[in-house]
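J.: File name protein-v3.cif; file contents mmCIF, C-alpha atoms (C1' of nucleotides); full text below.
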```cif
data_upload
loop_
_atom_site.label_atom_id
_atom_site.label_comp_id
_atom_site.auth_asym_id
_atom_site.auth_seq_id
_atom_site.Cartn_x
_atom_site.Cartn_y
_atom_site.Cartn_z
CA MET A 1 -1.22 -10.62 -32.17
CA LYS A 2 -0.20 -9.15 -28.82
CA ILE A 3 -3.12 -7.91 -26.75
CA ALA A 4 -2.62 -6.10 -23.44
CA THR A 5 -4.88 -4.77 -20.72
CA PHE A 6 -3.79 -1.85 -18.55
CA ASN A 7 -5.68 0.09 -15.88
CA ILE A 8 -3.88 3.40 -16.30
CA ASN A 9 -5.63 5.27 -13.43
CA GLY A 10 -6.12 8.53 -15.30
CA ILE A 11 -5.01 9.40 -18.83
CA LYS A 12 -3.67 12.83 -17.88
CA ALA A 13 -1.46 11.46 -15.12
CA ARG A 14 -0.10 8.79 -17.47
CA ALA A 15 0.78 11.18 -20.31
CA GLU A 16 4.41 10.02 -20.23
CA ALA A 17 4.32 6.54 -18.72
CA LEU A 18 1.67 5.15 -21.10
CA PRO A 19 3.36 6.12 -24.40
CA ASP A 20 6.71 4.94 -22.99
CA TRP A 21 5.23 1.52 -22.23
CA LEU A 22 3.57 1.31 -25.66
CA ASP A 23 6.89 2.06 -27.36
CA GLU A 24 8.62 -0.68 -25.37
CA ALA A 25 5.97 -3.39 -25.21
CA ARG A 26 4.53 -2.68 -28.67
CA PRO A 27 1.16 -4.37 -28.20
CA ASP A 28 -1.00 -4.64 -31.30
CA VAL A 29 -4.01 -3.96 -29.10
CA ALA A 30 -4.13 -2.17 -25.75
CA LEU A 31 -7.28 -2.19 -23.65
CA LEU A 32 -7.27 0.71 -21.21
CA GLN A 33 -9.34 1.17 -18.07
CA GLU A 34 -9.91 4.16 -15.80
CA ILE A 35 -9.09 6.73 -18.45
CA LYS A 36 -11.08 9.16 -16.22
CA SER A 37 -11.78 11.34 -19.21
CA VAL A 38 -14.59 12.27 -21.52
CA ASP A 39 -14.11 11.20 -25.14
CA ASP A 40 -13.36 14.73 -26.38
CA ALA A 41 -10.56 15.21 -23.82
CA PHE A 42 -8.78 11.92 -24.62
CA PRO A 43 -5.40 12.71 -26.28
CA ARG A 44 -6.01 10.43 -29.25
CA ASP A 45 -3.35 12.16 -31.38
CA VAL A 46 -0.61 10.83 -29.07
CA PHE A 47 -1.64 7.30 -29.99
CA GLU A 48 -2.59 7.89 -33.60
CA ALA A 49 0.94 9.25 -34.11
CA ARG A 50 2.15 5.81 -33.04
CA GLY A 51 -0.08 4.06 -35.54
CA TYR A 52 -2.96 3.15 -33.26
CA ASN A 53 -6.63 3.37 -34.07
CA VAL A 54 -8.41 4.82 -31.03
CA GLU A 55 -11.90 4.04 -29.72
CA THR A 56 -12.99 5.43 -26.37
CA HIS A 57 -15.97 5.10 -24.06
CA GLY A 58 -15.34 7.89 -21.61
CA GLN A 59 -17.00 9.50 -18.62
CA LYS A 60 -16.26 12.65 -16.64
CA SER A 61 -13.81 12.10 -13.75
CA PHE A 62 -14.42 8.40 -13.20
CA ASN A 63 -14.20 5.05 -14.97
CA GLY A 64 -13.84 5.14 -18.77
CA VAL A 65 -12.38 2.50 -21.11
CA ALA A 66 -10.61 2.59 -24.45
CA ILE A 67 -9.18 0.40 -27.18
CA LEU A 68 -5.95 1.22 -29.00
CA SER A 69 -5.28 -1.00 -32.00
CA LYS A 70 -2.69 -1.04 -34.75
CA LEU A 71 -5.04 -3.32 -36.68
CA PRO A 72 -8.41 -2.18 -38.02
CA LEU A 73 -11.32 -2.16 -35.57
CA GLU A 74 -14.78 -3.18 -36.72
CA ASP A 75 -18.22 -3.25 -35.13
CA VAL A 76 -17.31 -1.17 -32.08
CA ALA A 77 -19.86 -1.40 -29.26
CA ARG A 78 -19.98 0.56 -26.02
CA GLY A 79 -21.63 -0.37 -22.74
CA LEU A 80 -22.32 -3.77 -21.18
CA PRO A 81 -25.78 -4.95 -22.25
CA GLY A 82 -28.47 -5.73 -19.73
CA ASP A 83 -29.25 -2.42 -18.00
CA GLU A 84 -30.24 0.59 -20.07
CA ALA A 85 -30.15 2.77 -16.93
CA ASP A 86 -26.46 2.03 -16.22
CA GLU A 87 -24.50 5.13 -17.21
CA GLN A 88 -21.07 4.06 -15.94
CA ALA A 89 -18.49 3.67 -18.73
CA ARG A 90 -17.04 0.24 -18.02
CA TRP A 91 -17.26 -1.78 -21.24
CA ILE A 92 -16.11 -1.48 -24.85
CA GLU A 93 -15.69 -4.15 -27.49
CA ALA A 94 -14.66 -4.43 -31.12
CA THR A 95 -13.53 -6.95 -33.70
CA VAL A 96 -9.81 -6.80 -34.47
CA VAL A 97 -8.89 -8.12 -37.87
CA GLY A 98 -5.42 -9.64 -38.17
CA ASP A 99 -4.67 -12.98 -39.80
CA ARG A 100 -7.93 -13.93 -38.10
CA ALA A 101 -10.76 -11.87 -36.66
CA VAL A 102 -10.87 -11.73 -32.86
CA ARG A 103 -13.69 -10.19 -30.83
CA ILE A 104 -12.01 -8.18 -28.07
CA CYS A 105 -13.83 -6.84 -25.02
CA GLY A 106 -12.31 -4.37 -22.55
CA LEU A 107 -13.89 -4.10 -19.12
CA TYR A 108 -13.61 -2.25 -15.85
CA LEU A 109 -15.58 -4.28 -13.34
CA PRO A 110 -16.98 -2.34 -10.35
CA ASN A 111 -14.85 -2.32 -7.19
CA GLY A 112 -17.87 -2.98 -4.99
CA ASN A 113 -16.60 -1.65 -1.67
CA PRO A 114 -17.93 -1.23 0.91
CA ALA A 115 -19.56 -4.64 1.13
CA PRO A 116 -22.31 -5.22 1.92
CA GLY A 117 -24.09 -2.21 0.47
CA PRO A 118 -25.46 -0.72 -2.74
CA LYS A 119 -22.03 -0.62 -4.39
CA TYR A 120 -21.57 -4.33 -3.76
CA ASP A 121 -25.05 -5.03 -5.08
CA TYR A 122 -24.11 -3.13 -8.25
CA LYS A 123 -20.92 -5.19 -8.59
CA LEU A 124 -22.78 -8.50 -8.34
CA ALA A 125 -25.49 -7.34 -10.74
CA TRP A 126 -22.80 -6.21 -13.19
CA MET A 127 -21.17 -9.64 -12.97
CA GLU A 128 -24.52 -11.25 -13.82
CA ARG A 129 -24.67 -9.09 -16.95
CA LEU A 130 -21.06 -10.03 -17.70
CA LYS A 131 -22.00 -13.70 -17.53
CA ALA A 132 -24.76 -13.16 -20.06
CA ARG A 133 -22.43 -11.36 -22.47
CA ALA A 134 -19.82 -14.09 -21.90
CA GLN A 135 -22.32 -16.80 -22.82
CA ALA A 136 -23.25 -14.92 -25.99
CA LEU A 137 -19.57 -14.72 -26.96
CA LEU A 138 -19.19 -18.47 -26.42
CA ASN A 139 -22.21 -19.12 -28.58
CA THR A 140 -20.46 -17.53 -31.56
CA GLU A 141 -17.79 -20.28 -31.42
CA GLU A 142 -15.29 -17.68 -32.64
CA PRO A 143 -12.04 -16.46 -31.02
CA ALA A 144 -12.98 -13.87 -28.41
CA LEU A 145 -11.60 -12.52 -25.16
CA MET A 146 -12.68 -10.36 -22.25
CA ALA A 147 -9.81 -8.48 -20.61
CA GLY A 148 -9.53 -5.77 -18.03
CA ASP A 149 -9.59 -4.82 -14.38
CA TYR A 150 -11.95 -7.43 -12.95
CA ASN A 151 -11.54 -6.22 -9.35
CA VAL A 152 -11.60 -9.92 -8.40
CA ILE A 153 -8.90 -11.84 -6.55
CA PRO A 154 -9.75 -15.32 -7.84
CA GLN A 155 -7.86 -17.43 -5.30
CA ALA A 156 -5.71 -17.10 -2.17
CA GLU A 157 -2.56 -17.52 -4.26
CA ASP A 158 -3.51 -14.31 -6.09
CA ALA A 159 -2.85 -12.16 -3.01
CA ALA A 160 0.33 -11.72 -0.96
CA ARG A 161 -1.79 -11.51 2.21
CA PRO A 162 -5.16 -13.12 1.42
CA GLN A 163 -6.29 -12.85 5.04
CA ALA A 164 -6.19 -9.06 4.74
CA TRP A 165 -8.85 -9.20 1.98
CA GLU A 166 -11.35 -11.54 3.60
CA THR A 167 -14.05 -8.91 4.08
CA ASP A 168 -13.19 -6.97 0.93
CA ALA A 169 -15.47 -6.86 -2.12
CA LEU A 170 -12.56 -8.05 -4.28
CA TYR A 171 -12.27 -11.35 -2.41
CA LEU A 172 -15.58 -12.14 -0.71
CA PRO A 173 -16.79 -15.70 -1.43
CA GLU A 174 -19.76 -14.37 -3.41
CA THR A 175 -17.41 -12.33 -5.62
CA ARG A 176 -15.15 -15.27 -6.35
CA GLN A 177 -18.14 -17.50 -7.01
CA ALA A 178 -19.52 -15.03 -9.54
CA PHE A 179 -16.11 -14.96 -11.26
CA ARG A 180 -15.96 -18.78 -11.32
CA ARG A 181 -19.43 -18.90 -12.83
CA VAL A 182 -18.07 -16.95 -15.80
CA LEU A 183 -14.97 -19.14 -16.06
CA ASN A 184 -17.06 -22.29 -15.75
CA LEU A 185 -19.04 -21.37 -18.83
CA GLY A 186 -15.89 -22.40 -20.68
CA PHE A 187 -13.41 -19.52 -20.45
CA THR A 188 -9.69 -19.82 -19.79
CA ASP A 189 -7.83 -17.47 -17.43
CA ALA A 190 -4.89 -16.98 -19.81
CA PHE A 191 -2.34 -16.27 -17.10
CA ARG A 192 -3.27 -19.26 -14.96
CA ALA A 193 -3.22 -21.51 -18.01
CA ARG A 194 0.52 -20.88 -18.31
CA VAL A 195 1.84 -19.73 -14.92
CA HIS A 196 1.17 -21.52 -11.64
CA GLY A 197 1.78 -20.67 -8.02
CA PRO A 198 1.76 -17.55 -5.85
CA GLY A 199 3.65 -14.28 -6.21
CA HIS A 200 2.23 -12.93 -9.47
CA TYR A 201 0.36 -9.66 -9.06
CA SER A 202 -1.05 -6.89 -11.24
CA PHE A 203 -1.87 -4.26 -8.58
CA TRP A 204 -0.05 -2.76 -5.64
CA ASP A 205 -1.66 -0.05 -3.51
CA TYR A 206 0.04 3.36 -3.50
CA GLN A 207 -0.13 3.28 0.30
CA ARG A 208 2.01 1.54 2.91
CA ASN A 209 4.90 0.89 0.51
CA ALA A 210 2.90 -1.99 -0.93
CA ARG A 211 5.09 -2.37 -4.02
CA GLU A 212 8.34 -2.37 -2.07
CA ARG A 213 6.96 -5.11 0.16
CA ASN A 214 5.44 -6.94 -2.87
CA ASP A 215 2.10 -6.74 -1.08
CA GLY A 216 0.10 -7.13 -4.29
CA ILE A 217 -2.99 -8.77 -5.74
CA ARG A 218 -3.79 -10.25 -9.17
CA ILE A 219 -7.02 -8.60 -10.31
CA ASP A 220 -6.38 -7.82 -13.99
CA HIS A 221 -7.31 -10.81 -16.12
CA VAL A 222 -7.61 -12.00 -19.70
CA LEU A 223 -10.39 -14.56 -20.23
CA LEU A 224 -10.38 -16.52 -23.49
CA THR A 225 -13.09 -18.44 -25.30
CA PRO A 226 -12.03 -21.98 -26.27
CA GLN A 227 -11.37 -20.82 -29.84
CA ALA A 228 -9.12 -18.02 -28.54
CA ALA A 229 -7.41 -20.34 -26.05
CA ASP A 230 -6.49 -22.56 -29.01
CA LEU A 231 -4.47 -19.62 -30.34
CA LEU A 232 -2.68 -18.73 -27.07
CA THR A 233 1.11 -18.74 -27.39
CA GLY A 234 2.15 -16.50 -24.49
CA CYS A 235 1.06 -14.47 -21.49
CA GLY A 236 2.80 -12.15 -19.07
CA ILE A 237 2.59 -9.36 -16.50
CA ASP A 238 4.80 -6.28 -16.98
CA ALA A 239 5.39 -5.89 -13.24
CA ASP A 240 8.52 -3.77 -13.68
CA ILE A 241 6.36 -0.92 -15.01
CA ARG A 242 5.18 -0.38 -11.42
CA ASP A 243 8.70 0.82 -10.48
CA ARG A 244 8.90 3.58 -13.09
CA THR A 245 8.31 7.29 -12.55
CA LYS A 246 4.69 8.20 -11.79
CA PRO A 247 3.26 4.72 -12.33
CA SER A 248 -0.34 3.58 -12.28
CA ASP A 249 -1.18 1.36 -9.32
CA HIS A 250 -1.89 -1.41 -11.89
CA VAL A 251 0.51 -2.90 -14.44
CA PRO A 252 -0.14 -4.30 -17.93
CA VAL A 253 -1.16 -7.93 -18.44
CA TRP A 254 -0.78 -9.30 -21.96
CA VAL A 255 -1.40 -12.32 -24.14
CA GLU A 256 0.07 -13.38 -27.46
CA LEU A 257 -2.36 -15.06 -29.85
CA ASP A 258 -1.52 -16.81 -33.11
CA ALA A 259 -4.01 -14.62 -34.95
"C1'" DA B 1 -7.22 1.45 15.72
"C1'" DT B 2 -5.75 4.86 12.69
"C1'" DG B 3 -3.78 6.61 8.73
"C1'" DG B 4 -1.18 6.03 5.23
"C1'" DT B 5 -1.39 7.59 -1.30
"C1'" DC B 6 -3.00 8.75 -5.58
"C1'" DG B 7 -6.30 11.07 -9.60
"C1'" DT B 8 -9.68 14.23 -10.96
"C1'" DG B 9 -10.74 18.93 -10.78
"C1'" DG B 10 -10.53 22.65 -8.17
"C1'" DG B 11 -14.20 19.96 -3.30
"C1'" DA B 12 -15.08 15.54 -2.11
"C1'" DC B 13 -15.12 11.09 -3.63
"C1'" DG B 14 -13.41 6.82 -5.50
"C1'" DA B 15 -9.96 3.29 -5.20
#
```
Kindly return the structure encoded in the file as structure tokens.
T.:
Amino acid sequence: MKIATFNINGIKARAEALPDWLDEARPDVALLQEIKSVDDAFPRDVFEARGYNVETHGQKSFNGVAILSKLPLEDVARGLPGDEADEQARWIEATVVGDRAVRICGLYLPNGNPAPGPKYDYKLAWMERLKARAQALLNTEEPALMAGDYNVIPQAEDAARPQAWETDALYLPETRQAFRRVLNLGFTDAFRARVHGPGHYSFWDYQRNARERNDGIRIDHVLLTPQAADLLTGCGIDADIRDRTKPSDHVPVWVELDA
DNA sequence: ATGGTCGTGGGACGA
């Protein structure tokens, strides 16, 4: 089962690039972030025509997440638990039934800039709620994963110029600590389990020719429960997608599970 | 130090 996460930065703007990537990469499951669309405006027919089941959790103009799956989706849930007043569409999860059932969560973690400030407070509070959901997933002792745009640069090796991010909400010590607290519950960063060293990024800013200079950061992650990590057979970043016509500023990150 | 680029929606705001 191939599962990919992709921050598409607007479904309308990716009307060509997203289907093209799906046809090439052929993921069984694609977790999308920043669809920037309400549910009714999401072009689900484009994906249903390719054999995908479509579940969205949209919002007008901003945020918004979705799951595309060639396998049946069960028990779909929208919204990260822990704050009934939170109206931002940043979390969707479902059980994907292949050879085995896998609980799959798609997330768009708040950016948090500028820090300090209310947006950074929201980011840290959101990460606390994430930790609670993560612990609940572990407690099931079933294969599960949480994948998406974490807006977290975990370590210096995950940025081409880490010094440039020192005061940024994506790399502040408190941000990285909150991310480690989730990992330390018992999750595996799928990419780092298989690929070591610097130079592997999932985001390049549109500005300052960041892609041409490979001035990137690795902020899109797939975190696996131990039972999912047992099934891990591959992981990759489709960096070349960033060089296509009208690309997102993020690229897909994928895992292959024996499930 | 500043501004540089996108997307949404049709003006700012978010990233």
J.: Evaluate the PyMOL selection byres ((chain B) within 6 of (chain A)) on the structure here and hand back the selected residues as an NGL selection string.
T.: :B and (4-5 or 8)
J.: Rounded to one decimal, what separation in Å do you get between CA of Ala30 in chain A and CA of Thr188 in chain A?
T.: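 One can read the CA of Ala30 in chain A to CA of Thr188 in chain A distance as 19.4 Å.
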J.: Got a sec: who's within 8 Å of range 83-96 of chain A, counting all atoms listed in the file, leaving out chain neighbours fewer than 5 positions off, as a PyMOL selection string?
T.: chain A and resi 33+56-59+63-67+69+71-78+101-109
J.: Mind pulling up the distance from CA of Asp158 in chain A to CA of Arg218 in chain A?
T.: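 It comes out at 5.1 Å.
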J.: For the PyMOL selection byres ((chain A and resi 223) around 7), applied here, can you spell out every residue it catches as a PyMOL selection string?
T.: chain A and resi 145-147+187-190+221-222+224-225
J.: Keeping only C-alpha atoms, write those residues as a CSV table (one decimal), in the coordinates of the input.
T.:
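After the write, again_16.csv holds the following:
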```
chain,number,residue,atom,x,y,z
A,145,LEU,CA,-11.6,-12.5,-25.2
A,146,MET,CA,-12.7,-10.4,-22.2
A,147,ALA,CA,-9.8,-8.5,-20.6
A,187,PHE,CA,-13.4,-19.5,-20.4
A,188,THR,CA,-9.7,-19.8,-19.8
A,189,ASP,CA,-7.8,-17.5,-17.4
A,190,ALA,CA,-4.9,-17.0,-19.8
A,221,HIS,CA,-7.3,-10.8,-16.1
A,222,VAL,CA,-7.6,-12.0,-19.7
A,224,LEU,CA,-10.4,-16.5,-23.5
A,225,THR,CA,-13.1,-18.4,-25.3
```
J.: CA of Ala132 in chain A and CA of Pro154 in chain A are how many Å apart?
T.: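 That distance, rounded to one decimal, is 19.5 Å.
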J.: Where does the PyMOL selection byres ((chain A and resi 170) around 7) land in this file, that is, which residues does it pick, as a PyMOL selection string?
T.: chain A and resi 111+151-153+168-169+171-172+175
J.: Please list as number ranges by chain every residue within 12 Å of Ala49 in chain A, counting only C-alpha atoms (C1' of nucleotides) and excluding residues in the same chain fewer than 3 positions away.
T.: A: 19, 22-23, 43-46, 52-54, 68, 70
J.: Would you mind telling me which residue in A:Asn139, A:Arg50, A:Ala4, A:Pro173 lies nearest to Asp20 in chain A when using all atoms listed in the file?
T.: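 With all atoms listed in the file as the atom set, the closest residue is A:Arg50.
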J.: Got a sec: who's within 7 Å of range 133-136 of chain A, counting all atoms listed in the file, leaving out chain neighbours fewer than 4 positions off, as an MDAnalysis selection string?
T.: chainID A and resid 129 140 182 185
J.: If we count all atoms listed in the file and set the cut-off at 7 Å, which residues sit around range 201-204 of chain A, ignoring sequence neighbours fewer than 2 positions away in its own chain? Please answer as a ChimeraX atom specification.
T.: /A:158,199,206,210-211,215-220,237,239,249-251
J.: Using only C-alpha atoms, which of the listed residues (A:Leu32, A:Glu141, A:Pro27, A:Arg180) sits closest to Arg14 in chain A?
T.: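 Among the listed residues, the smallest separation from Arg14 in chain A belongs to A:Leu32.
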J.: The residues within 8 Å of (1.3, -16.2, -6.1), using only C-alpha atoms (C1' of nucleotides) and the coordinates of the file, should be reported as a ChimeraX atom specification; which are they?
T.: /A:157-160,196-201
